[in-house]
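Participant: Here you go, this is final_20.txt (compact mmCIF, C-alpha atoms).
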# COMPACT_ATOMS: atom_id res chain seq x y z
CA MET A 213 122.52 83.43 43.48
CA VAL A 214 124.53 80.19 43.25
CA PHE A 215 125.52 78.87 39.88
CA VAL A 216 127.48 76.04 38.28
CA VAL A 217 129.33 76.20 34.98
CA ASN A 218 129.53 72.94 33.06
CA CYS A 219 132.40 72.70 30.58
CA LEU A 220 134.01 69.57 29.12
CA ASP A 221 137.15 71.15 27.67
CA PRO A 222 139.94 71.07 30.31
CA GLU A 223 141.78 74.15 29.05
CA LEU A 224 138.66 76.22 28.73
CA SER A 225 137.52 74.96 32.12
CA ALA A 226 140.77 76.07 33.72
CA TYR A 227 140.49 79.47 32.10
CA LEU A 228 136.90 79.88 33.25
CA SER A 229 137.94 78.95 36.78
CA GLU A 230 140.42 81.79 36.79
CA LEU A 231 138.02 84.18 35.09
CA LEU A 232 135.26 83.47 37.58
CA GLY A 233 137.54 82.93 40.55
CA GLY A 234 136.53 86.22 42.12
CA LEU A 235 133.03 84.92 42.74
CA PRO A 236 133.11 82.96 45.99
CA PRO A 237 132.09 79.31 46.19
CA ALA A 238 128.86 78.75 48.03
CA SER A 239 126.36 76.06 48.89
CA ALA A 240 122.96 76.36 47.30
CA ASN A 241 119.78 75.97 49.33
CA GLY A 242 118.08 74.78 46.18
CA PRO A 243 119.13 73.79 42.70
CA PRO A 244 121.87 76.14 41.49
CA VAL A 245 121.60 77.95 38.18
CA GLU A 246 123.46 75.91 35.58
CA TYR A 247 125.28 77.21 32.57
CA ASP A 248 126.72 75.01 29.85
CA VAL A 249 129.65 76.32 27.83
CA ASP A 250 130.14 74.67 24.46
CA ALA A 251 133.84 74.02 23.92
CA GLU A 252 133.27 72.88 20.38
CA ALA A 253 132.74 76.39 19.07
CA ASP A 254 135.28 77.53 16.52
CA HIS A 255 135.73 80.77 18.32
CA LEU A 256 135.68 80.74 22.09
CA GLY A 257 135.04 84.43 22.58
CA PRO A 258 131.29 84.58 21.94
CA PRO A 259 130.30 81.59 24.12
CA VAL A 260 132.29 82.85 27.10
CA GLU A 261 131.08 86.41 26.65
CA ALA A 262 127.53 85.06 26.53
CA LEU A 263 128.21 83.07 29.71
CA ILE A 264 129.43 86.17 31.55
CA ALA A 265 126.53 88.22 30.26
CA ASN A 266 124.03 85.62 31.48
CA ILE A 267 125.68 85.40 34.89
CA ASN A 268 125.56 89.18 35.15
CA LEU A 269 121.90 89.37 34.25
CA ASP A 270 120.91 86.58 36.62
CA ALA A 271 122.94 88.11 39.44
CA ILE A 272 121.25 91.47 38.92
CA GLU A 273 117.87 89.80 39.05
CA ALA A 274 118.83 87.95 42.23
CA ALA A 275 119.84 91.25 43.82
CA ASP A 276 116.42 92.77 43.25
CA GLY A 277 115.39 95.06 46.06
CA ASN A 278 118.86 96.53 46.50
CA LEU A 279 120.25 99.71 45.04
CA LEU A 280 121.92 98.61 41.80
CA PHE A 281 124.11 101.15 40.06
CA HIS A 282 125.86 101.00 36.75
CA ALA A 283 129.14 101.46 38.58
CA GLY A 284 132.49 99.99 39.43
CA ALA A 285 133.68 99.89 43.03
CA VAL A 286 136.96 99.52 44.87
CA ALA A 287 137.77 99.37 48.56
CA ASP A 288 140.62 100.39 50.82
CA PRO A 289 141.82 98.14 53.65
CA ALA A 290 139.55 99.92 56.12
CA GLY A 291 136.49 98.95 54.09
CA GLY A 292 135.92 102.39 52.65
CA VAL A 293 134.43 102.11 49.18
CA ALA A 294 134.68 104.38 46.18
CA VAL A 295 131.72 103.86 43.85
CA ILE A 296 132.64 104.83 40.29
CA CYS A 297 129.37 105.47 38.53
CA GLY A 298 128.63 106.30 34.93
CA PRO A 299 127.23 105.12 31.61
CA SER A 300 129.16 103.12 29.04
CA GLY A 301 131.99 105.18 27.64
CA SER A 302 132.49 107.24 30.77
CA GLY A 303 135.68 105.37 31.59
CA LYS A 304 134.49 103.73 34.78
CA SER A 305 135.82 100.24 33.97
CA THR A 306 139.18 101.63 32.91
CA LEU A 307 139.41 103.76 36.03
CA THR A 308 138.31 100.86 38.21
CA ALA A 309 140.96 98.61 36.66
CA ARG A 310 143.67 101.21 37.20
CA LEU A 311 142.66 101.61 40.84
CA VAL A 312 142.86 97.84 41.34
CA GLU A 313 146.30 97.85 39.73
CA SER A 314 147.33 100.57 42.18
CA GLY A 315 146.49 98.34 45.13
CA LEU A 316 142.85 98.86 46.04
CA ALA A 317 140.58 95.85 46.42
CA TYR A 318 138.39 95.03 43.46
CA LEU A 319 134.65 94.84 44.21
CA THR A 320 133.12 95.08 40.76
CA ASP A 321 133.42 96.93 37.48
CA GLU A 322 129.85 97.05 36.23
CA THR A 323 127.02 96.73 38.75
CA THR A 324 127.47 97.89 42.32
CA CYS A 325 124.99 96.44 44.79
CA ILE A 326 124.18 98.44 47.95
CA ASP A 327 121.74 97.40 50.63
CA PRO A 328 119.15 100.19 50.85
CA THR A 329 118.87 99.90 54.63
CA THR A 330 122.36 99.14 55.91
CA MET A 331 124.15 100.84 52.99
CA SER A 332 126.61 97.94 52.93
CA VAL A 333 128.22 97.11 49.59
CA THR A 334 128.10 93.55 48.27
CA PRO A 335 131.10 92.64 46.10
CA PHE A 336 130.46 91.09 42.71
CA ARG A 337 133.94 90.22 41.50
CA LYS A 338 133.02 89.37 37.95
CA PRO A 339 135.69 89.49 35.23
CA LEU A 340 136.49 93.02 34.18
CA SER A 341 135.26 94.07 30.78
CA LEU A 342 137.69 96.46 29.10
CA LYS A 343 137.02 98.14 25.80
CA ALA A 344 139.49 98.18 22.96
CA GLY A 345 140.50 101.79 23.57
CA SER A 346 141.77 101.06 27.07
CA ARG A 347 143.89 98.05 26.23
CA PRO A 348 147.14 99.99 25.66
CA LEU A 349 146.90 101.13 29.28
CA PHE A 350 147.18 97.62 30.68
CA ALA A 351 150.37 96.09 29.38
CA GLN A 352 150.38 93.24 31.88
CA LEU A 353 147.00 92.04 30.64
CA ARG A 354 148.09 92.16 27.05
CA SER A 355 151.09 89.95 27.74
CA ARG A 356 148.80 87.39 29.41
CA PHE A 357 146.45 87.22 26.47
CA ASP A 358 149.22 87.30 23.90
CA ALA A 359 150.09 83.89 25.31
CA THR A 360 146.65 82.55 24.39
CA PRO A 361 145.80 84.15 21.08
CA GLY A 362 142.20 84.01 19.99
CA TRP A 363 140.71 84.09 23.45
CA PHE A 364 138.72 87.32 23.80
CA LEU A 365 141.10 89.49 21.82
CA ASP A 366 138.24 90.64 19.67
CA ASP A 367 137.44 94.09 18.47
CA ASP A 368 135.01 94.93 21.20
CA ALA A 369 136.13 93.95 24.65
CA TRP A 370 138.47 91.97 26.81
CA LEU A 371 137.30 89.87 29.68
CA ALA A 372 140.00 89.83 32.29
CA PRO A 373 140.08 88.19 35.72
CA TYR A 374 140.75 90.81 38.37
CA THR A 375 143.60 88.67 39.70
CA ALA A 376 145.57 89.56 36.58
CA LEU A 377 145.62 93.19 37.73
CA GLY A 378 146.85 92.56 41.24
CA GLY A 379 145.02 94.58 43.82
CA SER A 380 144.60 93.74 47.48
CA GLN A 381 142.42 91.19 49.19
CA LEU A 382 138.88 91.98 50.12
CA PRO A 383 138.77 93.75 53.48
CA THR A 384 137.34 91.59 56.24
CA VAL A 385 135.43 94.54 57.67
CA PRO A 386 132.05 95.80 56.44
CA LEU A 387 132.22 97.62 53.13
CA VAL A 388 130.72 101.08 53.31
CA THR A 389 130.58 103.72 50.61
CA ASN A 390 132.82 106.68 51.45
CA VAL A 391 132.84 108.52 48.14
CA LEU A 392 130.82 108.62 44.93
CA VAL A 393 132.76 109.30 41.74
CA PHE A 394 131.14 110.21 38.43
CA PRO A 395 133.89 109.97 35.79
CA GLU A 396 133.79 111.69 32.45
CA TYR A 397 136.51 110.79 30.00
CA ALA A 398 137.35 113.85 27.88
CA ALA A 399 140.32 113.47 25.54
CA GLY A 400 142.70 116.39 25.67
CA GLN A 401 140.95 118.09 28.59
CA PRO A 402 142.70 118.94 31.85
CA LEU A 403 141.75 117.14 35.01
CA ARG A 404 138.76 118.76 36.69
CA VAL A 405 137.11 117.74 39.94
CA GLU A 406 133.73 119.15 40.87
CA ARG A 407 131.90 118.51 44.13
CA LEU A 408 128.22 117.80 43.49
CA SER A 409 125.31 118.80 45.67
CA GLU A 410 123.62 115.90 47.40
CA GLY A 411 120.60 116.38 45.17
CA GLU A 412 122.65 116.22 42.00
CA ALA A 413 124.58 113.20 43.23
CA ALA A 414 121.37 111.38 44.09
CA PHE A 415 119.83 112.29 40.76
CA THR A 416 122.91 111.13 38.84
CA LEU A 417 122.98 107.87 40.77
CA GLY A 418 119.31 107.35 40.05
CA GLY A 419 119.92 107.91 36.37
CA ASN A 420 122.52 105.17 36.43
CA SER A 421 120.38 102.67 38.31
CA SER A 422 118.59 99.56 37.22
CA ARG A 423 115.44 98.26 38.90
CA LEU A 424 115.02 101.47 40.88
CA ARG A 425 111.36 100.76 41.33
CA ALA A 426 112.07 97.51 43.16
CA VAL A 427 114.28 99.02 45.87
CA ARG A 428 113.10 97.91 49.29
CA GLY A 429 111.49 100.74 51.17
CA GLY A 430 111.43 102.91 48.04
CA PRO A 431 114.36 104.29 46.08
CA LEU A 432 114.21 107.90 47.23
CA PRO A 433 114.97 107.41 50.95
CA ALA A 434 117.77 105.00 50.04
CA LEU A 435 119.34 107.46 47.59
CA ALA A 436 119.05 110.24 50.15
CA ARG A 437 120.77 108.11 52.82
CA LEU A 438 123.59 107.21 50.46
CA VAL A 439 124.42 110.76 49.40
CA ALA A 440 124.22 111.96 52.99
CA GLN A 441 126.87 109.39 53.84
CA ALA A 442 129.16 109.72 50.81
CA PRO A 443 130.03 112.98 48.98
CA GLY A 444 129.79 112.94 45.20
CA PHE A 445 132.41 114.25 42.76
CA ARG A 446 132.41 114.57 39.00
CA ILE A 447 135.91 113.93 37.62
CA ARG A 448 136.61 114.98 34.08
CA TYR A 449 139.88 113.50 32.88
CA ASP A 450 142.11 112.64 29.99
CA ASP A 451 144.82 110.83 31.95
CA VAL A 452 143.53 107.78 33.84
CA ASP A 453 146.49 107.84 36.24
CA ALA A 454 145.70 111.40 37.29
CA ALA A 455 142.06 110.42 37.77
CA ALA A 456 143.05 107.38 39.82
CA ASP A 457 145.29 109.53 42.04
CA GLN A 458 142.36 111.84 42.60
CA VAL A 459 140.03 108.99 43.54
CA ARG A 460 142.54 107.65 46.04
CA GLU A 461 142.82 111.11 47.61
CA LEU A 462 139.06 111.42 47.89
CA LEU A 463 138.78 107.95 49.38
CA ALA A 464 141.43 108.73 51.96
CA ALA A 465 139.93 112.09 52.93
CA MET B 698 96.25 125.00 34.34
CA ASN B 699 93.71 127.45 35.69
CA VAL B 700 94.28 129.91 38.53
CA ASP B 701 91.76 128.16 40.77
CA ASP B 702 93.17 124.70 40.26
CA ARG B 703 94.70 123.04 43.29
CA PRO B 704 97.29 120.69 41.89
CA TYR B 705 98.70 117.77 43.81
CA PRO B 706 101.15 114.93 43.09
CA ALA B 707 99.79 112.11 40.94
CA PRO B 708 99.09 108.93 42.92
CA ALA B 709 102.12 107.02 41.67
CA VAL B 710 104.51 109.84 42.41
CA ASP B 711 106.90 109.97 45.35
CA SER B 712 109.24 112.79 46.26
CA ILE B 713 111.95 113.64 48.74
CA ASP B 714 113.76 116.81 49.70
CA ILE B 715 117.54 116.62 49.59
CA GLY B 716 118.99 119.88 50.77
CA THR B 717 117.30 122.65 48.81
CA GLU B 718 116.48 120.30 45.95
CA THR B 719 113.67 117.81 45.45
CA LEU B 720 113.76 114.49 43.67
CA VAL B 721 110.48 113.30 42.21
CA TYR B 722 109.96 109.70 41.09
CA ASP B 723 106.95 108.48 39.16
CA GLY B 724 107.87 104.82 39.19
CA GLU B 725 109.70 105.04 35.89
CA ILE B 726 111.59 108.32 35.61
CA LEU B 727 113.50 110.25 38.23
CA HIS B 728 113.18 114.04 38.08
CA ARG B 729 115.25 116.68 39.84
CA LEU B 730 113.79 120.02 40.88
CA THR B 731 116.02 122.82 42.06
CA ASP B 732 115.51 126.25 43.56
CA THR B 733 112.13 127.72 42.61
CA GLY B 734 110.95 124.48 41.03
CA ALA B 735 111.49 122.66 44.30
CA ASP B 736 109.75 125.48 46.20
CA ILE B 737 106.72 125.19 43.93
CA TRP B 738 106.60 121.41 44.27
CA ARG B 739 106.49 121.64 48.03
CA GLN B 740 103.32 123.69 47.78
CA VAL B 741 101.37 121.41 45.47
CA ASP B 742 99.35 119.51 48.04
CA GLY B 743 95.85 119.82 46.63
CA ARG B 744 94.88 122.64 49.01
CA ILE B 745 96.78 125.62 47.60
CA SER B 746 95.62 127.14 44.33
CA VAL B 747 97.81 128.06 41.41
CA ALA B 748 97.04 131.74 42.07
CA GLN B 749 98.17 131.42 45.68
CA ILE B 750 101.40 129.70 44.70
CA ALA B 751 102.18 132.40 42.17
CA ALA B 752 101.30 135.19 44.60
CA GLU B 753 103.60 133.80 47.27
CA LEU B 754 106.49 133.49 44.84
CA ALA B 755 105.88 136.95 43.44
CA GLU B 756 106.30 138.48 46.91
CA GLY B 757 110.00 137.77 47.04
CA ALA B 758 110.69 138.06 43.32
CA SER B 759 112.19 140.94 41.38
CA ASP B 760 110.15 140.11 38.29
CA PRO B 761 106.70 141.58 37.75
CA PRO B 762 103.89 139.51 39.33
CA GLU B 763 102.33 138.74 35.96
CA ASP B 764 105.61 137.26 34.74
CA VAL B 765 105.92 135.15 37.86
CA HIS B 766 102.35 133.96 37.42
CA ARG B 767 102.98 133.04 33.79
CA ASP B 768 106.14 131.13 34.69
CA VAL B 769 104.43 129.28 37.55
CA VAL B 770 101.57 128.21 35.32
CA ALA B 771 103.99 127.09 32.60
CA PHE B 772 105.99 125.08 35.10
CA LEU B 773 102.93 123.42 36.58
CA ASP B 774 101.62 122.64 33.11
CA LEU B 775 104.94 120.99 32.31
CA LEU B 776 104.77 118.86 35.45
CA ALA B 777 101.21 117.89 34.60
CA GLU B 778 102.20 116.96 31.04
CA GLN B 779 104.84 114.66 32.47
CA GLY B 780 102.25 112.96 34.61
CA LEU B 781 103.64 114.25 37.89
CA LEU B 782 100.70 116.44 38.84
CA VAL B 783 96.97 116.21 38.68
CA THR B 784 94.42 118.85 39.46
CA SER B 785 91.15 118.77 41.28
CA ASP B 786 88.49 121.09 42.48
CA ALA B 787 88.90 121.95 46.10
CA GLY B 788 88.02 118.92 48.18
CA ALA B 789 87.61 116.48 45.28
CA ALA B 790 89.64 113.28 45.70
CA ALA B 791 90.73 110.92 42.88
CA GLY B 792 91.49 107.90 44.96
CA TYR B 793 94.09 107.06 47.54
CA ARG B 794 97.83 107.40 47.95
CA ARG B 795 100.49 106.21 50.36
CA PRO B 796 101.31 108.93 52.89
CA LYS B 797 104.90 109.69 53.77
CA HIS B 798 104.58 108.27 57.26
CA VAL B 799 103.87 104.77 55.95
CA GLY B 800 106.76 102.46 55.17
CA TYR B 801 106.59 99.00 53.77
CA VAL B 802 108.63 95.84 53.56
CA MET B 803 108.09 93.10 51.04
CA ASP B 804 108.34 89.49 52.14
CA GLY B 805 108.15 87.73 48.83
CA GLU B 806 104.74 88.67 47.49
CA LEU B 807 103.40 89.87 50.83
CA ALA B 808 103.59 93.43 52.05
CA LEU B 809 104.00 94.51 55.64
CA LEU B 810 102.90 98.10 56.12
CA VAL B 811 104.25 100.13 59.00
CA ASP B 812 102.96 103.42 60.34
CA LEU B 813 106.24 105.13 61.17
CA ARG B 814 104.51 107.47 63.57
CA ASN B 815 103.42 104.80 66.05
CA GLY B 816 104.92 101.52 64.84
CA ARG B 817 101.53 100.04 64.04
CA ARG B 818 101.87 97.29 61.47
CA GLN B 819 99.50 95.59 59.09
CA ALA B 820 100.37 92.48 57.11
CA LEU B 821 98.56 92.06 53.83
CA SER B 822 97.61 88.88 52.04
CA ALA B 823 98.80 88.30 48.51
CA THR B 824 95.61 89.78 47.09
CA GLY B 825 95.69 92.61 49.59
CA THR B 826 99.26 93.35 48.56
CA SER B 827 98.16 93.54 44.94
CA VAL B 828 95.38 95.95 45.88
CA TRP B 829 97.77 98.11 47.87
CA GLU B 830 100.45 98.19 45.15
CA LEU B 831 97.94 99.02 42.43
CA THR B 832 96.39 101.72 44.59
CA CYS B 833 99.78 103.28 45.33
CA HIS B 834 100.47 103.37 41.62
CA TYR B 835 97.09 104.28 40.12
CA GLY B 836 95.14 105.77 43.02
CA GLU B 837 91.63 105.34 41.70
CA PRO B 838 89.66 102.47 43.29
CA ALA B 839 87.68 101.87 40.09
CA ARG B 840 90.86 101.41 38.11
CA VAL B 841 92.31 99.11 40.74
CA GLN B 842 89.13 97.03 40.66
CA ARG B 843 89.29 96.77 36.87
CA LEU B 844 92.93 95.75 36.89
CA LEU B 845 92.33 93.10 39.53
CA ARG B 846 89.36 91.75 37.66
CA ASP B 847 91.54 91.51 34.54
CA ARG B 848 94.12 89.65 36.58
CA TYR B 849 91.55 87.34 38.19
CA PRO B 850 88.74 87.03 35.65
CA HIS B 851 87.31 84.08 37.54
CA GLY B 852 87.70 85.66 40.93
CA PRO B 853 84.81 85.96 43.39
CA VAL B 854 81.88 88.20 42.53
CA THR B 855 82.65 90.12 45.70
CA LEU B 856 86.12 91.12 44.44
CA GLU B 857 85.24 94.75 43.66
CA GLY B 858 83.44 95.13 46.98
CA ASP B 859 86.33 93.52 48.85
CA VAL B 860 88.70 96.02 47.27
CA SER B 861 86.57 98.92 48.46
CA VAL B 862 86.38 97.50 51.98
CA LEU B 863 90.13 96.99 52.17
CA LEU B 864 90.87 100.50 50.91
CA GLU B 865 88.49 102.01 53.42
CA GLN B 866 90.10 99.98 56.17
CA LEU B 867 93.62 101.01 55.18
CA CYS B 868 92.48 104.62 55.04
CA ALA B 869 90.84 104.33 58.46
CA ASN B 870 94.12 102.96 59.82
CA GLY B 871 96.09 105.85 58.34
CA LEU B 872 97.95 103.60 55.91
CA LEU B 873 96.39 105.29 52.90
CA VAL B 874 95.06 108.82 52.54
CA PRO B 875 92.77 110.34 49.93
CA VAL B 876 94.62 111.91 47.03
CA GLY B 877 94.67 115.66 47.44
CA SER B 878 94.62 115.55 51.21
CA ASP B 879 97.48 116.14 53.55
CA ASP B 880 99.08 113.19 55.29
CA GLY B 881 96.71 113.41 58.22
CA ASN B 882 99.47 114.40 60.61
CA ASN B 883 97.52 117.30 62.07
Any chance you could give the structure as structure tokens?

Facilitator:
Amino acid sequence: MVFVVNCLDPELSAYLSELLGGLPPASANGPPVEYDVDAEADHLGPPVEALIANINLDAIEAADGNLLFHAGAVADPAGGVAVICGPSGSGKSTLTARLVESGLAYLTDETTCIDPTTMSVTPFRKPLSLKAGSRPLFAQLRSRFDATPGWFLDDDAWLAPYTALGGSQLPTVPLVTNVLVFPEYAAGQPLRVERLSEGEAAFTLGGNSSRLRAVRGGPLPALARLVAQAPGFRIRYDDVDAAADQVRELLAA
Amino acid sequence: MNVDDRPYPAPAVDSIDIGTETLVYDGEILHRLTDTGADIWRQVDGRISVAQIAAELAEGASDPPEDVHRDVVAFLDLLAEQGLLVTSDAGAAAGYRRPKHVGYVMDGELALLVDLRNGRRQALSATGTSVWELTCHYGEPARVQRLLRDRYPHGPVTLEGDVSVLLEQLCANGLLVPVGSDDGNN
């Protein structure tokens, strides 16, 4: 999907360029999808959040036929990918952001796209969406947004460009899933890592998929191929740094 | 479910074994069967009766045979309630289904079917693709004909007949099999 964002306000335009900078420029074979952002709104948060939401939905639709998981993903320099899969509230965006801060390459924080035949991962470097509860964990983001009060510091979520977290460049080699992580945030609980059977991993992935029915060649063979290639682990955690360390270990294994 | 019933997967249902477990997908919901549940599922092919399934499980079980039978029937009833299983008298077919040896690729609205056993391919027209998709989901030719007629109310008078001809052709080519039959790999 190729899209264009039309915005007349120079400051907002510059901000959107940074926010969307992770999505590569491309030439469209036909008319690109156009979005217009109204800079006259009294509060900029809702229009930009709506823009991102629309881009996300259109991108998901354009990726029909692939395996689409409600998951974040990060990559090491060798192209090995950790897919961090779970429903809202599981801590996947927070864990993904921490892993990017620690030096892994950011692929996405919300919808991971995997080709059902080649198993290659397609990056979708949308702005990260972080919930209010995770903000204290990312001091460097807070200082950025303190400089521009009123932009997305609402009660629900931040939208942050991945560049604000650091992280490494995208590997130039094919991106292949090496490990599947199913995080469970549990306040006050000790870190616990549990290896899942392939069947359970496939089932959990399927339960966190959108458009499963549209997967090319059928979803079941694709899920089976993926879990045969990448072991699945459930990580129950209270401390995001401990969880991130664990993910890095699993990715390196 | 009765002891003489020979249950088999509903037409829209696909399944795959992953290790000792089985995932079952009905086009909307993904189900996971483990251990005995997966063992039972692998036997529901329209040829084996409920009594036979229960008897085979009871052989290796520590529970009394009547308890095993009761549990098997309860499990099969549950699968049927969820739309994953249908039952038929021995030999009765309720339409067609896609066998496991047939893959497909979509090129826009057109389907290319491939017999994975021999590489034989068949490209379908847009209407043929609709017939094939509806058949894979609903199984029964009469229902497929009704749905197509609803979709194309001003379609040719031969539409229902054309559907029947196409289904018979796909079946003859091994790209569809009657529901309740094996996959014809014998």

Participant: Tell me the residues of chain A close to chain B, meaning within 6 Å using all atoms listed in the file, as a ChimeraX atom specification.

Facilitator: /A:411,425,429

Participant: Counting only C-alpha atoms, what is within 7 Å of range 772-784 of chain B, bar same-chain residues fewer than 4 positions away, as a list of chain:residue names?

Facilitator: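 Non-adjacent residues within range: B:Met698, B:Asp702, B:Arg703, B:Pro704, B:Tyr705, B:Pro706, B:Ala707, B:Val710, B:Asp723, B:Asp768.
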
Participant: With a distance cut-off of 6 Å and all atoms listed in the file, select the neighbouring residues of range 443-446 of chain A, excluding the residue or stretch itself and same-chain residues fewer than 2 positions from it, and output the selection as a PyMOL selection string.

Facilitator: chain A and resi 391-395+405-408+413

Participant: Can you work out the spacing between CA of Leu754 in chain B and CA of Ser409 in chain A in Å, to one decimal?

Facilitator: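 CA of Leu754 in chain B sits 23.9 Å away from CA of Ser409 in chain A.
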
Participant: Which is closer to Ile264 in chain A than all the others in A:Asp450, A:Glu396, A:Asp288, A:Glu322, using all atoms listed in the file?

Facilitator: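 For Ile264 in chain A, the nearest of the candidates is A:Glu322.
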
Participant: Rounded to one decimal place, report the CA of Leu810 in chain B-CA of His798 in chain B distance in Å.

Facilitator: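 Computing the Euclidean distance for CA of Leu810 in chain B and CA of His798 in chain B yields 10.4 Å.
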
Participant: Quick one: residues within 8 Å of (141.3, 97.3, 49.9) (file frame), counting all atoms listed in the file, please, as an MDAnalysis selection string.

Facilitator: chainID A and resid 286:292 315:318 379:383

Participant: Using only C-alpha atoms and a cutoff of 8 Å, can you tell me which residues are near (141.0, 99.2, 32.6) in the file's coordinates, and write them out as a short mmCIF file (atom, residue, chain, number, x, y, z; two decimals) with C-alpha atoms, in the coordinates of the input?

Facilitator:
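Result file is part-v9.cif:
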data_model
loop_
_atom_site.label_atom_id
_atom_site.label_comp_id
_atom_site.auth_asym_id
_atom_site.auth_seq_id
_atom_site.Cartn_x
_atom_site.Cartn_y
_atom_site.Cartn_z
CA SER A 305 135.82 100.24 33.97
CA THR A 306 139.18 101.63 32.91
CA LEU A 307 139.41 103.76 36.03
CA THR A 308 138.31 100.86 38.21
CA ALA A 309 140.96 98.61 36.66
CA ARG A 310 143.67 101.21 37.20
CA LEU A 340 136.49 93.02 34.18
CA SER A 341 135.26 94.07 30.78
CA LEU A 342 137.69 96.46 29.10
CA LYS A 343 137.02 98.14 25.80
CA SER A 346 141.77 101.06 27.07
CA ARG A 347 143.89 98.05 26.23
CA LEU A 349 146.90 101.13 29.28
CA PHE A 350 147.18 97.62 30.68
#

Participant: Could you jot down the CA of Ala771 in chain B to CA of Arg795 in chain B separation for me, Å, one decimal place?

Facilitator: 27.6 Å

Participant: If we count only C-alpha atoms, what is near range 819-831 of chain B at a cut-off of 8 Å, once residues fewer than 3 positions away on the same chain are taken out, given as a PyMOL selection string?

Facilitator: chain B and resi 806-811+834-836+841+845+860+863-864

Participant: Report, as JSON, the centre and edge lengths in Å (one decimal) of the axis-aligned box enclosing every listed atom of range 840-848 of chain B, padded by 6 Å on each side.

Facilitator:
{"center_x": 91.6, "center_y": 95.5, "center_z": 37.6, "size_x": 17.0, "size_y": 23.8, "size_z": 18.2}

Participant: I'd like to know which of A:Asp451, A:Asp270, A:Asp321, A:Asp457 is closest to Val214 in chain A, using all atoms listed in the file.

Facilitator: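 Checking each candidate against Val214 in chain A, we get A:Asp270 as the closest.
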